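**Q** Compact mmCIF, N, CA and C atoms, file input-v1.txt:
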# COMPACT_ATOMS: atom_id res chain seq x y z
N MET A 1 148.93 132.79 87.58
CA MET A 1 148.17 131.63 87.97
C MET A 1 148.81 130.34 87.45
N LEU A 2 149.35 130.41 86.23
CA LEU A 2 150.00 129.25 85.66
C LEU A 2 151.23 128.88 86.47
N HIS A 3 151.99 129.88 86.92
CA HIS A 3 153.18 129.61 87.74
C HIS A 3 152.80 128.90 89.02
N TYR A 4 151.69 129.30 89.63
CA TYR A 4 151.23 128.69 90.87
C TYR A 4 150.89 127.21 90.64
N LYS A 5 150.21 126.91 89.53
CA LYS A 5 149.83 125.54 89.23
C LYS A 5 151.07 124.68 88.96
N LEU A 6 152.03 125.22 88.26
CA LEU A 6 153.27 124.49 87.99
C LEU A 6 154.04 124.23 89.28
N LEU A 7 154.09 125.22 90.15
CA LEU A 7 154.77 125.05 91.43
C LEU A 7 154.08 123.98 92.26
N LEU A 8 152.76 123.99 92.30
CA LEU A 8 152.00 123.00 93.04
C LEU A 8 152.24 121.60 92.48
N LEU A 9 152.24 121.47 91.16
CA LEU A 9 152.50 120.19 90.51
C LEU A 9 153.91 119.70 90.81
N LEU A 10 154.89 120.59 90.79
CA LEU A 10 156.27 120.23 91.09
C LEU A 10 156.40 119.76 92.53
N CYS A 11 155.77 120.46 93.47
CA CYS A 11 155.82 120.06 94.88
C CYS A 11 155.19 118.69 95.08
N ALA A 12 154.09 118.42 94.39
CA ALA A 12 153.43 117.12 94.50
C ALA A 12 154.33 116.02 93.95
N ALA A 13 154.99 116.27 92.83
CA ALA A 13 155.88 115.28 92.23
C ALA A 13 157.08 115.01 93.12
N VAL A 14 157.62 116.03 93.74
CA VAL A 14 158.77 115.85 94.64
C VAL A 14 158.34 115.04 95.85
N GLY A 15 157.16 115.31 96.39
CA GLY A 15 156.65 114.58 97.55
C GLY A 15 156.45 113.11 97.25
N ILE A 16 155.95 112.80 96.07
CA ILE A 16 155.74 111.40 95.69
C ILE A 16 157.08 110.70 95.53
N GLY A 17 158.06 111.38 94.98
CA GLY A 17 159.37 110.78 94.76
C GLY A 17 160.12 110.49 96.05
N GLN A 18 159.71 111.10 97.16
CA GLN A 18 160.43 110.89 98.41
C GLN A 18 159.87 109.75 99.24
N ALA A 19 158.76 109.16 98.84
CA ALA A 19 158.22 108.02 99.58
C ALA A 19 159.22 106.89 99.54
N LYS A 20 159.35 106.19 100.66
CA LYS A 20 160.35 105.12 100.74
C LYS A 20 159.83 103.97 101.58
N THR A 21 160.55 102.88 101.56
CA THR A 21 160.26 101.75 102.43
C THR A 21 161.17 101.84 103.64
N VAL A 22 160.57 101.79 104.82
CA VAL A 22 161.30 101.88 106.07
C VAL A 22 161.35 100.48 106.68
N ASP A 23 162.55 99.91 106.80
CA ASP A 23 162.73 98.59 107.41
C ASP A 23 162.94 98.74 108.91
N VAL A 24 162.15 98.01 109.69
CA VAL A 24 162.24 98.06 111.14
C VAL A 24 162.31 96.62 111.65
N SER A 25 163.24 96.34 112.55
CA SER A 25 163.35 95.01 113.15
C SER A 25 163.06 95.10 114.64
N TRP A 26 162.14 94.28 115.10
CA TRP A 26 161.77 94.25 116.51
C TRP A 26 162.02 92.86 117.07
N ASP A 27 162.62 92.81 118.25
CA ASP A 27 162.74 91.58 119.03
C ASP A 27 161.90 91.78 120.27
N ILE A 28 160.76 91.10 120.33
CA ILE A 28 159.86 91.23 121.48
C ILE A 28 160.37 90.28 122.56
N GLN A 29 160.63 90.82 123.74
CA GLN A 29 161.26 90.04 124.79
C GLN A 29 160.79 90.46 126.18
N GLN A 30 161.00 89.56 127.13
CA GLN A 30 160.68 89.87 128.52
C GLN A 30 161.84 90.65 129.13
N LEU A 31 161.51 91.69 129.87
CA LEU A 31 162.52 92.53 130.52
C LEU A 31 162.22 92.61 132.01
N MET A 32 163.22 92.95 132.77
CA MET A 32 163.04 93.32 134.17
C MET A 32 163.20 94.83 134.22
N VAL A 33 162.17 95.52 134.71
CA VAL A 33 162.19 96.98 134.73
C VAL A 33 161.85 97.51 136.11
N ASN A 34 162.27 98.72 136.36
CA ASN A 34 161.98 99.41 137.62
C ASN A 34 161.20 100.67 137.27
N ARG A 35 159.92 100.51 136.94
CA ARG A 35 159.11 101.63 136.46
C ARG A 35 158.67 102.57 137.57
N ASP A 36 158.53 102.06 138.79
CA ASP A 36 158.05 102.89 139.88
C ASP A 36 159.16 103.37 140.81
N GLY A 37 160.41 103.01 140.50
CA GLY A 37 161.53 103.42 141.34
C GLY A 37 161.63 102.65 142.64
N TYR A 38 160.81 101.62 142.78
CA TYR A 38 160.77 100.88 144.04
C TYR A 38 161.19 99.43 143.88
N SER A 39 160.66 98.75 142.88
CA SER A 39 160.97 97.33 142.75
C SER A 39 161.05 96.93 141.28
N MET A 40 161.81 95.85 141.04
CA MET A 40 161.94 95.31 139.69
C MET A 40 160.74 94.41 139.39
N ARG A 41 160.26 94.52 138.15
CA ARG A 41 159.12 93.72 137.72
C ARG A 41 159.32 93.24 136.29
N LYS A 42 158.61 92.17 135.96
CA LYS A 42 158.65 91.66 134.59
C LYS A 42 157.78 92.56 133.71
N ALA A 43 158.26 92.77 132.49
CA ALA A 43 157.51 93.55 131.51
C ALA A 43 157.88 93.04 130.12
N ILE A 44 157.10 93.42 129.14
CA ILE A 44 157.40 93.07 127.75
C ILE A 44 157.91 94.31 127.05
N GLY A 45 159.04 94.18 126.38
CA GLY A 45 159.64 95.30 125.67
C GLY A 45 160.06 94.91 124.27
N VAL A 46 160.57 95.87 123.56
CA VAL A 46 161.05 95.65 122.20
C VAL A 46 162.50 96.11 122.12
N ASN A 47 163.35 95.25 121.62
CA ASN A 47 164.79 95.53 121.48
C ASN A 47 165.40 95.98 122.80
N GLY A 48 164.95 95.38 123.90
CA GLY A 48 165.49 95.68 125.22
C GLY A 48 165.03 97.00 125.80
N LYS A 49 164.00 97.61 125.25
CA LYS A 49 163.54 98.93 125.71
C LYS A 49 162.06 98.91 126.08
N LEU A 50 161.72 99.71 127.06
CA LEU A 50 160.33 99.97 127.44
C LEU A 50 160.26 101.38 127.97
N PRO A 51 159.47 102.27 127.43
CA PRO A 51 158.56 102.02 126.32
C PRO A 51 159.32 101.70 125.04
N ILE A 52 158.60 101.10 124.12
CA ILE A 52 159.26 100.69 122.88
C ILE A 52 159.64 101.92 122.06
N PRO A 53 160.68 101.79 121.24
CA PRO A 53 161.09 102.93 120.41
C PRO A 53 160.03 103.27 119.36
N PRO A 54 159.77 104.54 119.15
CA PRO A 54 158.77 104.92 118.14
C PRO A 54 159.28 104.67 116.72
N VAL A 55 158.36 104.51 115.81
CA VAL A 55 158.68 104.36 114.39
C VAL A 55 158.13 105.60 113.70
N TYR A 56 158.99 106.33 113.02
CA TYR A 56 158.58 107.55 112.33
C TYR A 56 158.48 107.30 110.84
N LEU A 57 157.34 107.66 110.27
CA LEU A 57 157.10 107.50 108.84
C LEU A 57 156.52 108.79 108.30
N HIS A 58 156.65 108.97 107.01
CA HIS A 58 156.01 110.09 106.32
C HIS A 58 154.88 109.55 105.46
N LYS A 59 153.93 110.39 105.14
CA LYS A 59 152.81 109.99 104.31
C LYS A 59 153.35 109.41 103.00
N GLY A 60 152.84 108.26 102.64
CA GLY A 60 153.28 107.60 101.41
C GLY A 60 154.35 106.55 101.64
N ASP A 61 155.00 106.57 102.80
CA ASP A 61 156.02 105.57 103.11
C ASP A 61 155.37 104.20 103.32
N THR A 62 156.16 103.17 103.12
CA THR A 62 155.75 101.80 103.41
C THR A 62 156.66 101.28 104.51
N ILE A 63 156.06 100.56 105.48
CA ILE A 63 156.86 99.99 106.56
C ILE A 63 156.98 98.49 106.34
N ALA A 64 158.20 97.99 106.49
CA ALA A 64 158.46 96.55 106.48
C ALA A 64 158.91 96.20 107.90
N LEU A 65 158.00 95.66 108.68
CA LEU A 65 158.27 95.37 110.09
C LEU A 65 158.60 93.90 110.24
N HIS A 66 159.82 93.62 110.70
CA HIS A 66 160.29 92.25 110.92
C HIS A 66 160.25 92.01 112.42
N VAL A 67 159.43 91.05 112.86
CA VAL A 67 159.23 90.81 114.28
C VAL A 67 159.73 89.42 114.64
N HIS A 68 160.55 89.36 115.70
CA HIS A 68 160.99 88.09 116.28
C HIS A 68 160.42 88.01 117.68
N ASN A 69 159.67 86.96 117.96
CA ASN A 69 159.06 86.78 119.27
C ASN A 69 160.00 85.96 120.14
N SER A 70 160.68 86.60 121.09
CA SER A 70 161.56 85.90 122.02
C SER A 70 160.83 85.50 123.30
N LEU A 71 159.53 85.74 123.36
CA LEU A 71 158.75 85.33 124.53
C LEU A 71 158.51 83.82 124.47
N SER A 72 158.12 83.26 125.59
CA SER A 72 157.84 81.82 125.64
C SER A 72 156.38 81.51 125.28
N VAL A 73 155.63 82.54 124.91
CA VAL A 73 154.22 82.38 124.54
C VAL A 73 153.96 83.13 123.24
N PRO A 74 152.92 82.73 122.50
CA PRO A 74 152.57 83.49 121.29
C PRO A 74 152.17 84.92 121.65
N THR A 75 152.37 85.84 120.73
CA THR A 75 152.00 87.23 120.96
C THR A 75 151.51 87.85 119.67
N SER A 76 150.93 89.03 119.76
CA SER A 76 150.50 89.76 118.58
C SER A 76 150.93 91.21 118.73
N VAL A 77 150.89 91.94 117.64
CA VAL A 77 151.29 93.34 117.62
C VAL A 77 150.08 94.16 117.21
N HIS A 78 149.85 95.26 117.92
CA HIS A 78 148.74 96.15 117.62
C HIS A 78 149.29 97.56 117.48
N PHE A 79 148.87 98.29 116.45
CA PHE A 79 149.39 99.62 116.18
C PHE A 79 148.36 100.69 116.48
N HIS A 80 148.81 101.78 117.02
CA HIS A 80 147.99 102.97 117.19
C HIS A 80 148.51 104.02 116.21
N GLY A 81 147.62 104.81 115.67
CA GLY A 81 148.03 105.87 114.76
C GLY A 81 148.15 105.44 113.32
N MET A 82 147.74 104.21 113.02
CA MET A 82 147.77 103.74 111.64
C MET A 82 146.37 103.32 111.23
N PHE A 83 145.90 103.83 110.13
CA PHE A 83 144.60 103.42 109.62
C PHE A 83 144.73 102.04 108.98
N GLN A 84 143.80 101.17 109.28
CA GLN A 84 143.80 99.82 108.71
C GLN A 84 142.64 99.71 107.72
N ASN A 85 142.67 100.55 106.70
CA ASN A 85 141.61 100.54 105.70
C ASN A 85 141.61 99.23 104.92
N ASN A 86 140.53 98.47 105.07
CA ASN A 86 140.36 97.18 104.39
C ASN A 86 141.42 96.15 104.74
N THR A 87 142.14 96.35 105.84
CA THR A 87 143.16 95.39 106.26
C THR A 87 143.08 95.16 107.77
N VAL A 88 141.87 95.15 108.31
CA VAL A 88 141.73 95.00 109.76
C VAL A 88 142.27 93.67 110.26
N TYR A 89 142.39 92.68 109.39
CA TYR A 89 142.96 91.39 109.78
C TYR A 89 144.44 91.51 110.10
N ASN A 90 145.09 92.63 109.78
CA ASN A 90 146.50 92.86 110.09
C ASN A 90 146.66 93.71 111.34
N ASP A 91 145.61 93.91 112.10
CA ASP A 91 145.67 94.86 113.21
C ASP A 91 145.75 94.20 114.58
N GLY A 92 146.58 93.18 114.71
CA GLY A 92 146.87 92.68 116.05
C GLY A 92 146.18 91.41 116.46
N ALA A 93 145.03 91.54 117.09
CA ALA A 93 144.40 90.39 117.73
C ALA A 93 144.11 89.26 116.74
N GLY A 94 144.45 88.04 117.18
CA GLY A 94 144.19 86.87 116.35
C GLY A 94 142.69 86.60 116.24
N MET A 95 142.30 85.97 115.17
CA MET A 95 140.88 85.69 114.96
C MET A 95 140.60 84.22 115.16
For this file, write the structure as structure tokens.
**A**
Amino acid sequence: MLHYKLLLLLCAAVGIGQAKTVDVSWDIQQLMVNRDGYSMRKAIGVNGKLPIPPVYLHKGDTIALHVHNSLSVPTSVHFHGMFQNNTVYNDGAGM
């Protein structure tokens, strides 16, 4: 039983030590895309891509997201799959 507890403690310590800060840079820009295979249309993309590239994180990681708005109008960013515990003011829509 003691070996099991030590192994569990070691695994927890290793997991904590692997948390890192992930730097991501986004350039939000207008693109011309052919999503339906028929005609080109204006769309908003990130780093010249649509759909935007996913960001992969592990539990405990911190994300440093650097956003440059290349649009001619103000914009906001909204995330799915991230809990905004006590930080709902950071979740996209302006107040």
**Q** Could you give me, as a list in words, the residues within 7 Å of Thr62 (chain A), counting only C-alpha atoms and dropping anything in the same chain fewer than 4 positions from it?
**A**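 With the cut-off at 7 Å, the set is Lys20, Thr21 and Val22 of chain A.
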**Q** Going by DSSP on the backbone, which bits of region 24-75 of chain A are strand (DSSP E)? Write them as a list in words, please.
**A** Val24, Ser25, Trp26, Asp27, Ile28, Gln29, Gln30, Leu31, Met32, Val33, Arg41, Lys42, Ala43, Ile44, Gly45, Val46, Thr62, Ile63, Ala64, Leu65, His66, Val67, His68 and Asn69 of chain A
**Q** I'd like the contact shell of region 37-47 of chain A - 5 Å cut-off, all atoms listed in the file, skipping same-chain residues fewer than 5 positions apart - returned as a VMD selection string.
**A** chain A and resid 27 to 32
**Q** Would you output that residue set with N, CA and C atoms, as a PDB file, keeping the file's coordinate frame?
**A**
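Everything below was put into result01.pdb:
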ATOM      1  N   ASP A  27     162.620  92.810 118.250  1.00  0.00           N
ATOM      2  CA  ASP A  27     162.740  91.580 119.030  1.00  0.00           C
ATOM      3  C   ASP A  27     161.900  91.780 120.270  1.00  0.00           C
ATOM      4  N   ILE A  28     160.760  91.100 120.330  1.00  0.00           N
ATOM      5  CA  ILE A  28     159.860  91.230 121.480  1.00  0.00           C
ATOM      6  C   ILE A  28     160.370  90.280 122.560  1.00  0.00           C
ATOM      7  N   GLN A  29     160.630  90.820 123.740  1.00  0.00           N
ATOM      8  CA  GLN A  29     161.260  90.040 124.790  1.00  0.00           C
ATOM      9  C   GLN A  29     160.790  90.460 126.180  1.00  0.00           C
ATOM     10  N   GLN A  30     161.000  89.560 127.130  1.00  0.00           N
ATOM     11  CA  GLN A  30     160.680  89.870 128.520  1.00  0.00           C
ATOM     12  C   GLN A  30     161.840  90.650 129.130  1.00  0.00           C
ATOM     13  N   LEU A  31     161.510  91.690 129.870  1.00  0.00           N
ATOM     14  CA  LEU A  31     162.520  92.530 130.520  1.00  0.00           C
ATOM     15  C   LEU A  31     162.220  92.610 132.010  1.00  0.00           C
ATOM     16  N   MET A  32     163.220  92.950 132.770  1.00  0.00           N
ATOM     17  CA  MET A  32     163.040  93.320 134.170  1.00  0.00           C
ATOM     18  C   MET A  32     163.200  94.830 134.220  1.00  0.00           C
TER      19      MET A  32
END
**Q** Edge lengths and centre, in Å to one decimal, as lines of an AutoDock Vina configuration file: that's what I need for the box along x, y and z that holds all listed atoms of region 19-23 of chain A plus 3 Å on each side.
**A**
center_x = 160.6
center_y = 103.9
center_z = 103.9
size_x = 10.7
size_y = 16.6
size_z = 16.1
**Q** Could you tell me how far atom C of Ile63 (chain A) sits from atom N of Ser25 (chain A), in Å to one decimal place?
**A**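 It comes out at 9.1 Å.
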**Q** Could you check how far CA of Val73 (chain A) sits from CA of Lys49 (chain A), in Å to one decimal?
**A**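 Distance between the two atoms: 19.0 Å.
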**Q** Any idea what the distance is between atom N of Ser76 (chain A) and atom C of Leu57 (chain A)?
**A**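 Computing the Euclidean distance for atom N of Ser76 (chain A) and atom C of Leu57 (chain A) yields 23.5 Å.
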